[in-house]
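Student: My questions will all concern the structure given below.
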Amino acid sequence: MADQFKAAIDPQALLREQVRWRWIETIFWLAVLLPFWVTPTYLVLCSQIAIAALFALSLDLIVGYSGLVSLGHAAFFGVGAYAAGLLAKHGWGEPISGLAVAALAATVVGYLTSFIIVRIGQFALIMVTTGLGLLLFELANSAHDITGGDDGLQGIRMWPVFNYFRFDLYGYTAYAYSLAVLFVCFLVLRRLINSPFGLSLRGIRENPRRMPAIGAPSRSHIRKIYVISAAVAGLAGGLSAQTTAFVALDALSFQRSAEVLVMLILGGAGRLYGGLIGATIFIVARDQLAGMNPQYWYFWLGLLLIAVIIFLPNGILGGVAQLLSRKGRSS
Amino acid sequence: MSDIVLHTKGLNKKFGSLVVANNIEISLPRGARYALIGPNGAGKTTLINLMTGMLPADSGHIFLADEDITSLEPHVRVKRGLVRTFQINTLFPNLSALEAVTLAVLERRGNAGNWHRSLPSYGEAIEEAYGILKTLLLGDHCDRPTRQLAYGQQRLLEIALALAARPKVLLLDEPAAGVPKDESGELFKAVAGISSDITVLFIEHDMDVVFRFASRIIVMVSGGILMEGTPAEIAADARVREVYLGTHHV
């Protein structure tokens, strides 16, 4: 009865409000253009950040939104990198189609492994994803004739983007190109997260036990997002190979898998922008710390991570969100 | 046979040497209100788990409207119309009540895998979800994260999620579990308001509630069905009284 006296609730408006594009997002995407004018000598680093951000974004789909763990995500990054690299090395240097091939290769690997992923629990998942990463790492290592093994894949020659923008020494094209791919992927994934499928993923994260009881085929949802995530990671790998004209074996390494997870948690998982912020802070910190203290910079990075986790358990964006909601309540 | 919506035939389940379901045979007619009672450990929740497929049965068959669903996966059984709630809140803590029920509605409509259209464009599903929440008195709270809802409201949300699947048969596992006795009446008012097209089987310990809301009662003891009958028959039965006085030995 009290309903009659309260302002009517518009349920559709409530959900519209949640997915609304916010002005701060416009500011964010304008701000990432600043390096072209403000720090033009750092554009190579910036393109690395954009690529790492895309990689972290792909991981966010399964870790942040679906609540699964992965410690082997570099497998897809590496596969994408080698696919794009090998293609360009063997005579086809067109970047956009190269990226498509990178994504396709990672999709295939993601699809094949997704059958295992949906059958096991969280801890087993850590083991299996780690194992998968190590497996591919050693495969690439032993296939020296194809991948260059330890020496890395050399001799990649990229054609200009759109047959016009050459990859230059200063990273103008590299950054613009990486940023454009990141932005397009971001828009697509933002839509995905704000779709019924995105809601299903959050349901899986929030309570995998309830999902079958509302009729949800969780396994097929998980396989779908796992493959999509692999494809995006492959794109990031492809970008890396194309913009640096080199693929190091390190693209498949366990360390890369661990780093991308750290970036995501640092920025805040399950928030889309978390991976972007985390990648930025991680790579800038690494660059600065390595400059100041070339031998022991991992020490400071470790300290930063521990501090963030203690003071901001939900990552930097999680902390910001908490601060904003507290401010909203007190005013 | 066509009037029986849910039917089990010789359902058996053992955990090691412990028999938790012993040759269970039940038949629920359309629109019936059944209570499932019995002492702790009698196998009531296990029976719900078996019927919904969350536990595989050792032997026996389950029929939903004449279709053998014994080998179907739990989520497929839900799609067919066999839906349950949980004794311990099994909700989505960080989804709002509206999001959670909308998810269940979208899943039923076969839209939950769509990724290219944004959620707010599914206006019909959202309105349907809001309608369900309103009938369960959760309309005003639909925007709050589930974890912030009062316990009794969370119990109602359990039922809302189940109703969103448009069940033919609804299995309520102690819908008022943990709710103070003086408030459980409210909850059962919601249960009583469930459409008479839906067959309801509920587990409940409070005999007042059972006698008030059930048209028939099934009594379980030690994994087996002791008897089934109308409330009056159950109340008059010596064996049932024995069980509830705690003198029954197996």
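If you're wondering about the labels, chains in the structure tokens are A, B, ... by order shown, residues count from 1 in each chain, ligands from 1 in order shown.
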Name the residues of range 25-158 of chain A that come out as helix (DSSP H, G or I) in a backbone DSSP run; write them as an mmCIF file with C-alpha atoms, in the first residue's frame.
Tutor:
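The resulting file, part.cif, is shown below:
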```cif
data_model
loop_
_atom_site.group_PDB
_atom_site.id
_atom_site.type_symbol
_atom_site.label_atom_id
_atom_site.label_comp_id
_atom_site.auth_asym_id
_atom_site.auth_seq_id
_atom_site.Cartn_x
_atom_site.Cartn_y
_atom_site.Cartn_z
ATOM 1 C CA GLU A 25 34.757 8.145 -19.694
ATOM 2 C CA THR A 26 34.912 10.811 -22.391
ATOM 3 C CA ILE A 27 37.593 12.581 -20.389
ATOM 4 C CA PHE A 28 39.528 9.315 -20.023
ATOM 5 C CA TRP A 29 39.527 8.625 -23.761
ATOM 6 C CA LEU A 30 40.502 12.199 -24.564
ATOM 7 C CA ALA A 31 43.270 12.065 -21.971
ATOM 8 C CA PRO A 35 50.871 11.816 -25.038
ATOM 9 C CA PHE A 36 50.940 12.776 -28.739
ATOM 10 C CA TRP A 37 51.535 16.358 -27.653
ATOM 11 C CA VAL A 38 52.696 16.171 -24.050
ATOM 12 C CA PRO A 40 55.933 12.556 -27.700
ATOM 13 C CA THR A 41 59.217 10.905 -26.720
ATOM 14 C CA TYR A 42 57.354 8.249 -24.765
ATOM 15 C CA LEU A 43 55.012 7.059 -27.497
ATOM 16 C CA VAL A 44 56.717 3.675 -27.778
ATOM 17 C CA LEU A 45 56.086 3.122 -24.088
ATOM 18 C CA CYS A 46 52.533 4.372 -24.526
ATOM 19 C CA SER A 47 51.848 1.812 -27.209
ATOM 20 C CA GLN A 48 53.141 -0.890 -24.855
ATOM 21 C CA ILE A 49 50.701 0.391 -22.276
ATOM 22 C CA ALA A 50 47.801 0.283 -24.732
ATOM 23 C CA ILE A 51 48.685 -3.293 -25.659
ATOM 24 C CA ALA A 52 49.031 -4.377 -22.033
ATOM 25 C CA ALA A 53 45.721 -2.623 -21.306
ATOM 26 C CA LEU A 54 44.012 -4.623 -24.045
ATOM 27 C CA PHE A 55 45.551 -7.795 -22.666
ATOM 28 C CA ALA A 56 44.379 -6.950 -19.137
ATOM 29 C CA LEU A 57 40.933 -6.115 -20.486
ATOM 30 C CA SER A 58 40.718 -9.579 -22.029
ATOM 31 C CA LEU A 59 41.644 -11.165 -18.708
ATOM 32 C CA ASP A 60 39.047 -9.045 -16.906
ATOM 33 C CA LEU A 61 36.317 -10.822 -18.872
ATOM 34 C CA ILE A 62 37.069 -14.131 -17.209
ATOM 35 C CA VAL A 63 38.650 -13.077 -13.905
ATOM 36 C CA GLY A 64 36.692 -9.943 -13.088
ATOM 37 C CA TYR A 65 33.328 -10.660 -14.671
ATOM 38 C CA ALA A 74 49.917 -15.414 -21.912
ATOM 39 C CA ALA A 75 49.247 -18.554 -23.963
ATOM 40 C CA PHE A 76 46.726 -16.616 -26.054
ATOM 41 C CA PHE A 77 48.812 -13.440 -26.127
ATOM 42 C CA GLY A 78 51.796 -15.478 -27.333
ATOM 43 C CA VAL A 79 49.846 -17.422 -29.921
ATOM 44 C CA GLY A 80 48.484 -14.158 -31.302
ATOM 45 C CA ALA A 81 51.956 -12.628 -31.332
ATOM 46 C CA TYR A 82 53.552 -15.561 -33.147
ATOM 47 C CA ALA A 83 50.676 -15.818 -35.608
ATOM 48 C CA ALA A 84 50.912 -12.144 -36.566
ATOM 49 C CA GLY A 85 54.710 -12.238 -36.489
ATOM 50 C CA LEU A 86 55.066 -15.345 -38.647
ATOM 51 C CA LEU A 87 52.554 -14.043 -41.153
ATOM 52 C CA ALA A 88 54.468 -10.787 -41.560
ATOM 53 C CA LYS A 89 57.810 -12.543 -41.630
ATOM 54 C CA PRO A 95 48.531 -5.112 -40.277
ATOM 55 C CA ILE A 96 44.715 -5.317 -40.065
ATOM 56 C CA SER A 97 44.413 -8.741 -41.671
ATOM 57 C CA GLY A 98 47.431 -9.774 -39.589
ATOM 58 C CA LEU A 99 45.494 -8.898 -36.465
ATOM 59 C CA ALA A 100 42.551 -10.926 -37.691
ATOM 60 C CA VAL A 101 44.837 -13.922 -38.127
ATOM 61 C CA ALA A 102 46.283 -13.381 -34.641
ATOM 62 C CA ALA A 103 42.793 -13.292 -33.128
ATOM 63 C CA LEU A 104 41.747 -16.342 -35.113
ATOM 64 C CA ALA A 105 44.762 -18.368 -33.987
ATOM 65 C CA ALA A 106 44.122 -17.484 -30.342
ATOM 66 C CA THR A 107 40.427 -18.260 -30.806
ATOM 67 C CA VAL A 108 41.247 -21.758 -32.026
ATOM 68 C CA VAL A 109 43.532 -22.431 -29.045
ATOM 69 C CA GLY A 110 40.927 -20.913 -26.720
ATOM 70 C CA TYR A 111 38.183 -23.035 -28.208
ATOM 71 C CA LEU A 112 40.165 -26.255 -27.868
ATOM 72 C CA THR A 113 41.139 -25.571 -24.267
ATOM 73 C CA SER A 114 37.691 -24.337 -23.267
ATOM 74 C CA PHE A 115 36.483 -27.953 -23.142
ATOM 75 C CA ILE A 116 38.846 -28.606 -20.237
ATOM 76 C CA ILE A 117 38.251 -25.278 -18.513
ATOM 77 C CA GLN A 122 38.941 -23.017 -9.226
ATOM 78 C CA PHE A 123 42.141 -24.531 -7.849
ATOM 79 C CA ALA A 124 42.410 -27.037 -10.652
ATOM 80 C CA LEU A 125 41.903 -24.108 -12.986
ATOM 81 C CA ILE A 126 45.053 -22.427 -11.669
ATOM 82 C CA MET A 127 47.010 -25.611 -12.333
ATOM 83 C CA VAL A 128 45.574 -26.253 -15.763
ATOM 84 C CA THR A 129 45.901 -22.686 -17.046
ATOM 85 C CA THR A 130 49.463 -22.538 -15.727
ATOM 86 C CA GLY A 131 50.212 -25.896 -17.317
ATOM 87 C CA LEU A 132 48.772 -24.791 -20.607
ATOM 88 C CA GLY A 133 50.947 -21.689 -20.581
ATOM 89 C CA LEU A 134 54.091 -23.695 -19.831
ATOM 90 C CA LEU A 135 53.200 -26.207 -22.506
ATOM 91 C CA LEU A 136 52.968 -23.591 -25.235
ATOM 92 C CA PHE A 137 56.087 -21.838 -23.948
ATOM 93 C CA GLU A 138 58.178 -24.988 -24.322
ATOM 94 C CA LEU A 139 56.584 -25.816 -27.667
ATOM 95 C CA ALA A 140 57.625 -22.422 -29.008
ATOM 96 C CA ASN A 141 61.026 -22.831 -27.385
ATOM 97 C CA SER A 142 61.688 -26.180 -29.035
ATOM 98 C CA HIS A 144 63.420 -23.049 -32.975
ATOM 99 C CA ASP A 145 63.245 -23.246 -36.770
ATOM 100 C CA ILE A 146 59.819 -21.657 -36.818
ATOM 101 C CA THR A 147 59.764 -19.328 -33.826
ATOM 102 C CA GLY A 149 63.206 -20.041 -29.920
ATOM 103 C CA ASP A 150 65.278 -18.153 -27.389
ATOM 104 C CA ASP A 151 66.481 -15.625 -29.928
#
```
Student: Taking only C-alpha atoms into account, what are the residues of chain B at most 7 Å from chain A, put as a ChimeraX atom specification?
Tutor: /B:74-76,78-79,83-84,90-94,103-104,107-108,111-120,123,126-127,130,161-162,165
Student: Convert the current residue selection to file output with N, CA and C atoms, as a short mmCIF file (atom, residue, chain, number, x, y, z; two decimals), in the first residue's frame.
Tutor:
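Okay, part.cif is ready:
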```
data_model
loop_
_atom_site.label_atom_id
_atom_site.label_comp_id
_atom_site.auth_asym_id
_atom_site.auth_seq_id
_atom_site.Cartn_x
_atom_site.Cartn_y
_atom_site.Cartn_z
N PRO B 74 20.49 -30.35 -14.65
CA PRO B 74 19.64 -29.50 -13.80
C PRO B 74 19.06 -28.29 -14.54
N HIS B 75 19.89 -27.57 -15.31
CA HIS B 75 19.36 -26.35 -15.93
C HIS B 75 18.32 -26.66 -17.00
N VAL B 76 18.42 -27.85 -17.60
CA VAL B 76 17.43 -28.23 -18.61
C VAL B 76 16.10 -28.58 -17.93
N VAL B 78 15.04 -27.17 -15.28
CA VAL B 78 14.43 -25.88 -14.96
C VAL B 78 13.70 -25.35 -16.18
N LYS B 79 14.34 -25.46 -17.34
CA LYS B 79 13.70 -24.99 -18.57
C LYS B 79 12.40 -25.74 -18.83
N VAL B 83 11.37 -26.35 -10.91
CA VAL B 83 12.19 -25.29 -10.33
C VAL B 83 12.20 -25.40 -8.81
N ARG B 84 13.31 -25.03 -8.20
CA ARG B 84 13.44 -25.13 -6.76
C ARG B 84 13.93 -23.83 -6.14
N THR B 90 20.62 -18.79 -1.59
CA THR B 90 21.57 -19.05 -2.67
C THR B 90 21.28 -18.00 -3.74
N LEU B 91 21.75 -16.79 -3.45
CA LEU B 91 21.41 -15.62 -4.27
C LEU B 91 22.66 -15.02 -4.88
N PHE B 92 22.50 -13.89 -5.54
CA PHE B 92 23.63 -13.20 -6.18
C PHE B 92 23.93 -11.93 -5.38
N PRO B 93 24.86 -11.99 -4.41
CA PRO B 93 25.02 -10.92 -3.42
C PRO B 93 25.20 -9.52 -4.02
N ASN B 94 25.94 -9.40 -5.10
CA ASN B 94 26.22 -8.06 -5.63
C ASN B 94 25.37 -7.66 -6.82
N LEU B 103 17.69 -11.40 -14.88
CA LEU B 103 18.56 -12.46 -15.42
C LEU B 103 17.77 -13.76 -15.57
N ALA B 104 17.01 -14.10 -14.53
CA ALA B 104 16.24 -15.35 -14.58
C ALA B 104 15.18 -15.28 -15.68
N GLU B 107 16.88 -15.62 -19.04
CA GLU B 107 17.31 -17.00 -19.24
C GLU B 107 16.13 -17.84 -19.73
N ARG B 108 14.97 -17.65 -19.11
CA ARG B 108 13.79 -18.42 -19.52
C ARG B 108 13.41 -18.09 -20.96
N ASN B 111 17.21 -15.42 -23.93
CA ASN B 111 17.97 -14.24 -24.35
C ASN B 111 19.26 -14.03 -23.57
N ALA B 112 19.51 -14.90 -22.58
CA ALA B 112 20.60 -14.61 -21.65
C ALA B 112 21.98 -14.76 -22.27
N GLY B 113 22.06 -15.32 -23.47
CA GLY B 113 23.36 -15.43 -24.12
C GLY B 113 23.62 -14.31 -25.12
N ASN B 114 22.64 -13.42 -25.30
CA ASN B 114 22.81 -12.34 -26.28
C ASN B 114 23.79 -11.30 -25.78
N TRP B 115 24.74 -10.91 -26.63
CA TRP B 115 25.74 -9.98 -26.15
C TRP B 115 25.78 -8.68 -26.97
N HIS B 116 25.04 -8.63 -28.06
CA HIS B 116 25.19 -7.46 -28.92
C HIS B 116 24.16 -6.37 -28.63
N ARG B 117 23.12 -6.70 -27.84
CA ARG B 117 22.17 -5.65 -27.47
C ARG B 117 22.30 -5.35 -25.99
N SER B 118 22.12 -4.09 -25.62
CA SER B 118 22.33 -3.76 -24.22
C SER B 118 21.12 -4.17 -23.40
N LEU B 119 21.38 -4.44 -22.14
CA LEU B 119 20.36 -4.95 -21.22
C LEU B 119 19.09 -4.09 -21.18
N PRO B 120 19.22 -2.75 -21.10
CA PRO B 120 18.00 -1.94 -20.99
C PRO B 120 17.07 -2.05 -22.20
N GLY B 123 13.15 -4.35 -22.58
CA GLY B 123 12.16 -3.74 -21.71
C GLY B 123 11.12 -4.71 -21.17
N ILE B 126 12.46 -6.82 -18.37
CA ILE B 126 12.69 -6.03 -17.16
C ILE B 126 11.36 -5.76 -16.45
N GLU B 127 10.35 -5.40 -17.24
CA GLU B 127 9.04 -5.13 -16.64
C GLU B 127 8.47 -6.39 -16.00
N TYR B 130 10.21 -6.90 -12.75
CA TYR B 130 9.73 -5.93 -11.77
C TYR B 130 8.35 -6.32 -11.26
N LEU B 161 13.08 -15.50 -7.78
CA LEU B 161 13.97 -16.07 -8.81
C LEU B 161 13.36 -17.34 -9.39
N ALA B 162 12.73 -18.13 -8.52
CA ALA B 162 12.12 -19.38 -8.99
C ALA B 162 10.91 -19.08 -9.87
N ALA B 165 11.26 -18.31 -13.59
CA ALA B 165 11.45 -19.41 -14.53
C ALA B 165 10.12 -19.99 -14.99
#
```
Student: If you measure from CA of Val105 in chain B to CA of Ala164 in chain B, what distance in Å do you get, rounded to one decimal?
Tutor: 5.2 Å
Student: Might you pull out every residue within 8 Å of Pro29 in chain B, with only C-alpha atoms counted and same-chain residues fewer than 2 positions away left off, and present them as a PyMOL selection string?
Tutor: chain B and resi 3-6+27+31-32+199
Student: Excluding Val308 in chain A and residues on its chain fewer than 6 positions from it, collect all residues at most 12 Å away from it, counting only C-alpha atoms, and give them as a list in words.
Tutor: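 Selected residues are Val262, Met263, Ile265, Leu266, Gly267, Gly268, Gly278, Ile281, Phe282, Leu301, Gly302, Asn314, Gly315, Ile316, Leu317, Gly318 and Gly319 of chain A.
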Student: Please produce a file of the residues just selected, as an mmCIF file, in the first residue's frame, where the atoms kept are C-alpha atoms.
Tutor:
```cif
data_model
loop_
_atom_site.group_PDB
_atom_site.id
_atom_site.type_symbol
_atom_site.label_atom_id
_atom_site.label_comp_id
_atom_site.auth_asym_id
_atom_site.auth_seq_id
_atom_site.Cartn_x
_atom_site.Cartn_y
_atom_site.Cartn_z
ATOM 1 C CA VAL A 262 48.748 -8.163 -11.289
ATOM 2 C CA MET A 263 47.851 -5.232 -13.577
ATOM 3 C CA ILE A 265 44.059 -6.583 -9.673
ATOM 4 C CA LEU A 266 46.067 -3.398 -9.229
ATOM 5 C CA GLY A 267 43.560 -1.401 -11.251
ATOM 6 C CA GLY A 268 40.480 -3.252 -10.032
ATOM 7 C CA GLY A 278 46.391 -1.037 -13.819
ATOM 8 C CA ILE A 281 50.433 2.301 -13.518
ATOM 9 C CA PHE A 282 52.312 -0.979 -13.764
ATOM 10 C CA LEU A 301 57.180 -2.994 -7.504
ATOM 11 C CA GLY A 302 56.579 -5.642 -4.845
ATOM 12 C CA ASN A 314 39.482 -3.991 -4.617
ATOM 13 C CA GLY A 315 42.185 -2.262 -6.602
ATOM 14 C CA ILE A 316 42.581 1.414 -7.358
ATOM 15 C CA LEU A 317 39.203 1.797 -9.046
ATOM 16 C CA GLY A 318 37.548 -0.166 -6.254
ATOM 17 C CA GLY A 319 39.008 2.329 -3.785
#
```
Student: Got a sec: who's within 10 Å of Val221 in chain B, counting only C-alpha atoms, leaving out chain neighbours fewer than 2 positions off, as a ChimeraX atom specification?
Tutor: /B:20-22,37-44,219,223-227,240,243,248-250
Student: With N, CA and C atoms kept, could you save the residues just selected as a PDB file, in the first residue's frame?
Tutor:
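Written out: again_38.pdb:
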```
ATOM      1  N   VAL B  20      19.783 -42.580   1.752  1.00  0.00           N
ATOM      2  CA  VAL B  20      19.146 -41.270   1.911  1.00  0.00           C
ATOM      3  C   VAL B  20      17.859 -41.171   1.096  1.00  0.00           C
ATOM      4  N   ALA B  21      17.713 -42.056   0.121  1.00  0.00           N
ATOM      5  CA  ALA B  21      16.444 -42.122  -0.602  1.00  0.00           C
ATOM      6  C   ALA B  21      16.163 -43.591  -0.873  1.00  0.00           C
ATOM      7  N   ASN B  22      15.045 -44.067  -0.352  1.00  0.00           N
ATOM      8  CA  ASN B  22      14.742 -45.483  -0.425  1.00  0.00           C
ATOM      9  C   ASN B  22      13.444 -45.693  -1.193  1.00  0.00           C
ATOM     10  N   ILE B  37       7.270 -33.309   5.088  1.00  0.00           N
ATOM     11  CA  ILE B  37       7.747 -33.154   6.460  1.00  0.00           C
ATOM     12  C   ILE B  37       8.518 -34.396   6.885  1.00  0.00           C
ATOM     13  N   GLY B  38       9.158 -34.276   8.034  1.00  0.00           N
ATOM     14  CA  GLY B  38       9.947 -35.383   8.550  1.00  0.00           C
ATOM     15  C   GLY B  38      11.055 -34.848   9.421  1.00  0.00           C
ATOM     16  N   PRO B  39      11.595 -35.672  10.286  1.00  0.00           N
ATOM     17  CA  PRO B  39      12.652 -35.191  11.195  1.00  0.00           C
ATOM     18  C   PRO B  39      13.916 -34.819  10.419  1.00  0.00           C
ATOM     19  N   ASN B  40      14.826 -34.111  11.084  1.00  0.00           N
ATOM     20  CA  ASN B  40      16.100 -33.762  10.450  1.00  0.00           C
ATOM     21  C   ASN B  40      16.807 -35.011   9.962  1.00  0.00           C
ATOM     22  N   GLY B  41      17.377 -34.917   8.776  1.00  0.00           N
ATOM     23  CA  GLY B  41      18.115 -36.060   8.246  1.00  0.00           C
ATOM     24  C   GLY B  41      17.223 -37.113   7.618  1.00  0.00           C
ATOM     25  N   ALA B  42      15.948 -36.787   7.447  1.00  0.00           N
ATOM     26  CA  ALA B  42      15.045 -37.773   6.858  1.00  0.00           C
ATOM     27  C   ALA B  42      15.262 -37.901   5.357  1.00  0.00           C
ATOM     28  N   GLY B  43      15.925 -36.911   4.757  1.00  0.00           N
ATOM     29  CA  GLY B  43      16.199 -36.982   3.315  1.00  0.00           C
ATOM     30  C   GLY B  43      15.308 -36.075   2.489  1.00  0.00           C
ATOM     31  N   LYS B  44      14.747 -35.045   3.124  1.00  0.00           N
ATOM     32  CA  LYS B  44      13.815 -34.160   2.406  1.00  0.00           C
ATOM     33  C   LYS B  44      14.556 -33.325   1.358  1.00  0.00           C
ATOM     34  N   VAL B 219       5.124 -37.620   4.568  1.00  0.00           N
ATOM     35  CA  VAL B 219       6.013 -37.737   5.726  1.00  0.00           C
ATOM     36  C   VAL B 219       7.189 -38.630   5.357  1.00  0.00           C
ATOM     37  N   GLY B 223      15.016 -41.580   4.893  1.00  0.00           N
ATOM     38  CA  GLY B 223      15.170 -41.775   3.453  1.00  0.00           C
ATOM     39  C   GLY B 223      13.983 -42.428   2.771  1.00  0.00           C
ATOM     40  N   GLY B 224      12.965 -42.793   3.522  1.00  0.00           N
ATOM     41  CA  GLY B 224      11.800 -43.430   2.904  1.00  0.00           C
ATOM     42  C   GLY B 224      10.537 -42.645   3.195  1.00  0.00           C
ATOM     43  N   ILE B 225       9.493 -42.916   2.412  1.00  0.00           N
ATOM     44  CA  ILE B 225       8.226 -42.246   2.672  1.00  0.00           C
ATOM     45  C   ILE B 225       7.430 -43.088   3.670  1.00  0.00           C
ATOM     46  N   LEU B 226       7.114 -42.468   4.789  1.00  0.00           N
ATOM     47  CA  LEU B 226       6.370 -43.168   5.837  1.00  0.00           C
ATOM     48  C   LEU B 226       4.899 -43.233   5.463  1.00  0.00           C
ATOM     49  N   MET B 227       4.333 -42.095   5.086  1.00  0.00           N
ATOM     50  CA  MET B 227       2.954 -42.101   4.621  1.00  0.00           C
ATOM     51  C   MET B 227       2.622 -40.809   3.900  1.00  0.00           C
ATOM     52  N   VAL B 240       3.039 -41.323  12.686  1.00  0.00           N
ATOM     53  CA  VAL B 240       3.580 -39.976  12.523  1.00  0.00           C
ATOM     54  C   VAL B 240       3.818 -39.344  13.889  1.00  0.00           C
ATOM     55  N   VAL B 243       6.945 -40.634  15.334  1.00  0.00           N
ATOM     56  CA  VAL B 243       8.142 -40.026  14.757  1.00  0.00           C
ATOM     57  C   VAL B 243       8.397 -38.667  15.383  1.00  0.00           C
ATOM     58  N   HIS B 248      10.550 -43.103  17.477  1.00  0.00           N
ATOM     59  CA  HIS B 248      10.663 -44.001  16.335  1.00  0.00           C
ATOM     60  C   HIS B 248      12.106 -44.486  16.175  1.00  0.00           C
ATOM     61  N   HIS B 249      12.263 -45.787  16.061  1.00  0.00           N
ATOM     62  CA  HIS B 249      13.600 -46.315  15.815  1.00  0.00           C
ATOM     63  C   HIS B 249      13.608 -47.087  14.512  1.00  0.00           C
ATOM     64  N   VAL B 250      14.747 -47.002  13.842  1.00  0.00           N
ATOM     65  CA  VAL B 250      14.816 -47.696  12.556  1.00  0.00           C
ATOM     66  C   VAL B 250      15.482 -49.051  12.750  1.00  0.00           C
TER      67      VAL B 250
END
```
Student: Between CA of Leu95 in chain B and CA of Ala231 in chain A, what distance in Å does the model show, to one decimal?
Tutor: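 According to the coordinates, CA of Leu95 in chain B and CA of Ala231 in chain A are separated by 27.7 Å.
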Student: Could you pull the residues within 10 Å of Thr146 in chain B, counting only C-alpha atoms, minus those fewer than 3 positions along the same chain, as a PyMOL selection string?
Tutor: chain B and resi 91-100+141-143+149-151+153-154+157
Student: Taking the DSSP assignment computed from this structure's backbone, write out as a compact mmCIF listing (two decimals) with C-alpha atoms, in the first residue's frame all residues of range 19-249 of chain B that belong to strand (DSSP E).
Tutor:
```
# COMPACT_ATOMS: atom_id res chain seq x y z
CA VAL B 19 20.39 -44.81 2.54
CA VAL B 20 19.15 -41.27 1.91
CA ALA B 21 16.44 -42.12 -0.60
CA ASN B 22 14.74 -45.48 -0.43
CA ASN B 23 12.46 -46.37 -3.31
CA ILE B 24 10.75 -42.99 -3.39
CA SER B 27 2.91 -38.27 -7.72
CA LEU B 28 1.97 -34.61 -7.60
CA PRO B 29 -1.19 -33.52 -9.42
CA ARG B 33 -0.09 -27.90 -2.46
CA TYR B 34 2.06 -30.56 -0.88
CA ALA B 35 4.05 -30.33 2.32
CA LEU B 36 7.06 -32.58 2.78
CA ILE B 37 7.75 -33.15 6.46
CA SER B 59 18.42 -45.76 -9.70
CA GLY B 60 14.84 -44.85 -10.49
CA HIS B 61 13.09 -42.40 -12.77
CA ILE B 62 11.64 -38.90 -12.60
CA PHE B 63 8.84 -37.83 -14.90
CA LEU B 64 7.74 -34.27 -15.51
CA GLU B 67 8.43 -36.89 -19.93
CA ASP B 68 11.28 -38.90 -18.42
CA LEU B 82 10.84 -28.06 -12.54
CA VAL B 83 12.19 -25.29 -10.33
CA ARG B 84 13.44 -25.13 -6.76
CA VAL B 169 6.32 -27.54 -10.37
CA LEU B 170 7.91 -25.47 -7.63
CA LEU B 171 9.93 -27.15 -4.89
CA LEU B 172 10.39 -24.84 -1.89
CA ASP B 173 13.07 -25.98 0.52
CA THR B 199 2.17 -27.37 -8.33
CA VAL B 200 3.95 -26.57 -5.08
CA LEU B 201 5.85 -28.92 -2.79
CA PHE B 202 7.34 -27.31 0.28
CA ILE B 203 9.48 -28.54 3.13
CA ARG B 216 -1.69 -33.00 1.24
CA ILE B 217 1.30 -34.02 3.32
CA ILE B 218 4.12 -36.46 2.66
CA VAL B 219 6.01 -37.74 5.73
CA MET B 220 9.59 -38.90 5.26
CA VAL B 221 11.67 -40.89 7.73
CA GLY B 224 11.80 -43.43 2.90
CA ILE B 225 8.23 -42.25 2.67
CA LEU B 226 6.37 -43.17 5.84
CA MET B 227 2.95 -42.10 4.62
CA GLU B 228 1.06 -39.63 2.50
CA GLY B 229 -2.36 -38.17 3.21
```
Student: Which one of A:Val181, A:Leu324, A:Leu272, A:Ala285 sits closest to Leu305 in chain A if you count only C-alpha atoms?
Tutor: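 Smallest distance to Leu305 in chain A is found for A:Ala285.
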Student: For a test of reading the model, state the distance in Å between CA of Phe254 in chain A and CA of Phe311 in chain A, rounded to one decimal.
Tutor: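 Here the two named atoms are 27.0 Å from each other.
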